[in-house]
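To be precise, the following lines are structure_18.pdb, and they hold PDB, C-alpha atoms, pLDDT in the B column.
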ATOM      1  CA  MET A 952       0.000   0.000   0.000  1.00 44.00           C
ATOM      2  CA  ARG A 953       1.261   3.464  -0.866  1.00 46.00           C
ATOM      3  CA  LYS A 954       1.461   6.469   1.415  1.00 50.00           C
ATOM      4  CA  GLY A 955      -1.884   8.117   1.944  1.00 57.00           C
ATOM      5  CA  GLY A 956      -3.697   4.775   2.060  1.00 59.00           C
ATOM      6  CA  ARG A 957      -4.060   4.387  -1.711  1.00 62.00           C
ATOM      7  CA  LEU A 958      -3.623   0.945  -3.224  1.00 55.00           C
ATOM      8  CA  SER A 959      -0.848   0.304  -5.697  1.00 51.00           C
ATOM      9  CA  PRO A 960      -1.541  -1.926  -8.724  1.00 52.00           C
ATOM     10  CA  ILE A 961       0.349  -4.779  -7.072  1.00 46.00           C
ATOM     11  CA  ASP A 962      -2.047  -4.728  -4.099  1.00 50.00           C
ATOM     12  CA  ASN A 963      -4.811  -6.001  -6.383  1.00 51.00           C
ATOM     13  CA  LEU A 964      -2.922  -9.108  -7.486  1.00 44.00           C
ATOM     14  CA  PRO A 965      -4.026 -12.410  -5.941  1.00 43.00           C
ATOM     15  CA  ILE A 966      -1.616 -14.049  -3.550  1.00 43.00           C
ATOM     16  CA  VAL A 967      -1.047 -17.667  -4.509  1.00 44.00           C
ATOM     17  CA  GLY A 968       1.585 -19.723  -2.755  1.00 43.00           C
ATOM     18  CA  ASN A 969       4.873 -17.990  -2.179  1.00 46.00           C
ATOM     19  CA  VAL A 970       7.485 -16.366  -4.375  1.00 49.00           C
ATOM     20  CA  TRP A 971       9.580 -19.539  -4.486  1.00 57.00           C
ATOM     21  CA  GLY A 972       6.982 -22.039  -5.613  1.00 73.00           C
ATOM     22  CA  MET A 973       3.748 -23.788  -4.800  1.00 84.00           C
ATOM     23  CA  THR A 974       2.461 -24.540  -1.371  1.00 88.00           C
ATOM     24  CA  LEU A 975       2.041 -28.211  -0.520  1.00 92.00           C
ATOM     25  CA  LYS A 976      -1.729 -27.708  -0.594  1.00 91.00           C
ATOM     26  CA  GLU A 977      -1.541 -26.234  -4.122  1.00 91.00           C
ATOM     27  CA  TYR A 978       0.716 -29.053  -5.272  1.00 93.00           C
ATOM     28  CA  ILE A 979      -1.731 -31.696  -4.026  1.00 92.00           C
ATOM     29  CA  ALA A 980      -4.704 -29.778  -5.478  1.00 92.00           C
ATOM     30  CA  SER A 981      -2.996 -29.567  -8.880  1.00 92.00           C
ATOM     31  CA  GLY A 982      -3.236 -33.341  -9.191  1.00 91.00           C
ATOM     32  CA  ASN A 983       0.518 -33.905  -9.376  1.00 88.00           C
ATOM     33  CA  ILE A 984       0.246 -36.403  -6.525  1.00 92.00           C
ATOM     34  CA  ASP A 985      -2.399 -37.356  -4.003  1.00 92.00           C
ATOM     35  CA  ILE A 986      -2.059 -37.528  -0.249  1.00 94.00           C
ATOM     36  CA  SER A 987      -1.937 -41.324  -0.137  1.00 95.00           C
ATOM     37  CA  HIS A 988       0.818 -41.560  -2.772  1.00 96.00           C
ATOM     38  CA  MET A 989       2.857 -38.857  -1.038  1.00 96.00           C
ATOM     39  CA  ALA A 990       2.459 -40.646   2.291  1.00 97.00           C
ATOM     40  CA  TYR A 991       3.569 -43.944   0.750  1.00 97.00           C
ATOM     41  CA  SER A 992       6.549 -42.307  -0.997  1.00 95.00           C
ATOM     42  CA  LEU A 993       7.693 -40.682   2.247  1.00 96.00           C
ATOM     43  CA  GLY A 994       6.964 -43.685   4.466  1.00 96.00           C
ATOM     44  CA  VAL A 995       4.547 -41.754   6.680  1.00 97.00           C
ATOM     45  CA  SER A 996       0.830 -41.912   7.377  1.00 97.00           C
ATOM     46  CA  GLU A 997      -1.782 -40.183   5.247  1.00 96.00           C
ATOM     47  CA  HIS A 998      -2.867 -38.436   8.442  1.00 97.00           C
ATOM     48  CA  ALA A 999       0.604 -36.847   8.772  1.00 96.00           C
ATOM     49  CA  VAL A1000       0.543 -35.579   5.178  1.00 95.00           C
ATOM     50  CA  HIS A1001      -2.984 -34.243   5.658  1.00 94.00           C
ATOM     51  CA  LYS A1002      -1.810 -32.240   8.676  1.00 92.00           C
ATOM     52  CA  TRP A1003       1.091 -30.778   6.658  1.00 92.00           C
ATOM     53  CA  VAL A1004      -1.171 -29.907   3.722  1.00 91.00           C
ATOM     54  CA  TYR A1005      -3.623 -28.027   5.939  1.00 88.00           C
ATOM     55  CA  GLY A1006      -0.963 -26.338   8.078  1.00 85.00           C
ATOM     56  CA  GLN A1007      -1.805 -28.105  11.331  1.00 87.00           C
ATOM     57  CA  ARG A1008       1.700 -29.553  11.697  1.00 89.00           C
ATOM     58  CA  GLU A1009       5.053 -29.310   9.971  1.00 90.00           C
ATOM     59  CA  PRO A1010       7.292 -32.104   8.773  1.00 93.00           C
ATOM     60  CA  ASN A1011      10.703 -32.425  10.358  1.00 91.00           C
ATOM     61  CA  LEU A1012      13.646 -31.038   8.397  1.00 88.00           C
ATOM     62  CA  GLU A1013      14.633 -34.373   6.824  1.00 92.00           C
ATOM     63  CA  THR A1014      11.072 -35.052   5.641  1.00 94.00           C
ATOM     64  CA  ALA A1015      10.665 -31.482   4.381  1.00 92.00           C
ATOM     65  CA  LEU A1016      13.775 -31.901   2.247  1.00 92.00           C
ATOM     66  CA  ARG A1017      12.399 -35.191   0.901  1.00 95.00           C
ATOM     67  CA  ILE A1018       9.113 -33.427   0.005  1.00 94.00           C
ATOM     68  CA  VAL A1019      11.044 -30.753  -1.898  1.00 92.00           C
ATOM     69  CA  GLU A1020      12.880 -33.515  -3.780  1.00 94.00           C
ATOM     70  CA  LEU A1021       9.689 -35.527  -4.393  1.00 94.00           C
ATOM     71  CA  THR A1022       7.958 -32.458  -5.849  1.00 93.00           C
ATOM     72  CA  ASN A1023      10.958 -31.552  -8.050  1.00 91.00           C
ATOM     73  CA  ASN A1024      11.419 -28.304  -6.118  1.00 90.00           C
ATOM     74  CA  GLU A1025       7.894 -27.125  -6.917  1.00 92.00           C
ATOM     75  CA  VAL A1026       7.115 -27.018  -3.191  1.00 91.00           C
ATOM     76  CA  SER A1027       9.636 -24.888  -1.355  1.00 86.00           C
ATOM     77  CA  ILE A1028      11.305 -25.590   1.951  1.00 85.00           C
ATOM     78  CA  ASP A1029      10.054 -22.136   2.947  1.00 81.00           C
ATOM     79  CA  ASP A1030       6.466 -23.341   2.662  1.00 82.00           C
ATOM     80  CA  LEU A1031       7.114 -26.382   4.804  1.00 86.00           C
ATOM     81  CA  LEU A1032       9.055 -24.992   7.752  1.00 81.00           C
ATOM     82  CA  LYS A1033       8.417 -22.221  10.249  1.00 69.00           C
ATOM     83  CA  ALA A1034      10.627 -19.151  10.467  1.00 51.00           C
ATOM     84  CA  ASN A1035      12.448 -20.348  13.586  1.00 52.00           C
ATOM     85  CA  VAL A1036      13.576 -23.517  11.835  1.00 61.00           C
ATOM     86  CA  ARG A1037      14.674 -21.510   8.774  1.00 57.00           C
ATOM     87  CA  GLU A1038      16.690 -19.263  11.090  1.00 63.00           C
ATOM     88  CA  LYS A1039      18.466 -22.307  12.545  1.00 67.00           C
ATOM     89  CA  ILE A1040      19.299 -23.529   9.038  1.00 66.00           C
ATOM     90  CA  THR A1041      20.688 -20.095   8.132  1.00 69.00           C
ATOM     91  CA  LYS A1042      22.851 -20.068  11.261  1.00 72.00           C
ATOM     92  CA  VAL A1043      24.226 -23.534  10.495  1.00 72.00           C
ATOM     93  CA  LYS A1044      25.055 -22.534   6.924  1.00 73.00           C
ATOM     94  CA  ALA A1045      26.778 -19.351   8.143  1.00 75.00           C
ATOM     95  CA  ALA A1046      28.930 -21.252  10.655  1.00 69.00           C
TER      96      ALA A1046
END

Full structure transcribed into structure tokens:
Amino acid sequence: MRKGGRLSPIDNLPIVGNVWGMTLKEYIASGNIDISHMAYSLGVSEHAVHKWVYGQREPNLETALRIVELTNNEVSIDDLLKANVREKITKVKAA
């Protein structure tokens, strides 16, 4: 939003996913894979994948990286992990 409370043209654009790729929910909805196939491929329960898709839980770092690989980088690590985990990753990389 610009000064004075006026909207800029970019404020009218729909927000879909994130700047790095699709969300896990969008990836599943696109038909690229279904929850049961993703669960089988990752060796986890469908219930776990469902919770990740709907933002009720987050996968651990290892599983998140496997999801990124499974989706050919269409789902970003940013979508899967909270900011505090991303901060830890950044600190490890900087060390």

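Residue nearest Tyr978 of chain A within the list A:Thr1022, A:Asn1011, A:Gly1006, A:Ser996: A:Thr1022 [criterion: smallest interatomic distance, all atoms listed in the file].
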
Using the chain letters and residue numbers of this document, give as an NGL selection string the residues selected by the PyMOL selection byres ((chain A and resi 989) around 12). :A and (975 or 978-979 or 982-988 or 990-1001 or 1003-1004 or 1014 or 1017-1022)

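We find atom CA of Asp1030 of chain A and atom CA of Thr974 of chain A to be spaced 5.8 Å apart.
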
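As for atom CA of Leu1032 of chain A and atom CA of Glu1009 of chain A, they are spaced 6.3 Å apart.
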
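We find atom CA of Asn1024 of chain A and atom CA of Glu977 of chain A to be spaced 13.3 Å apart.
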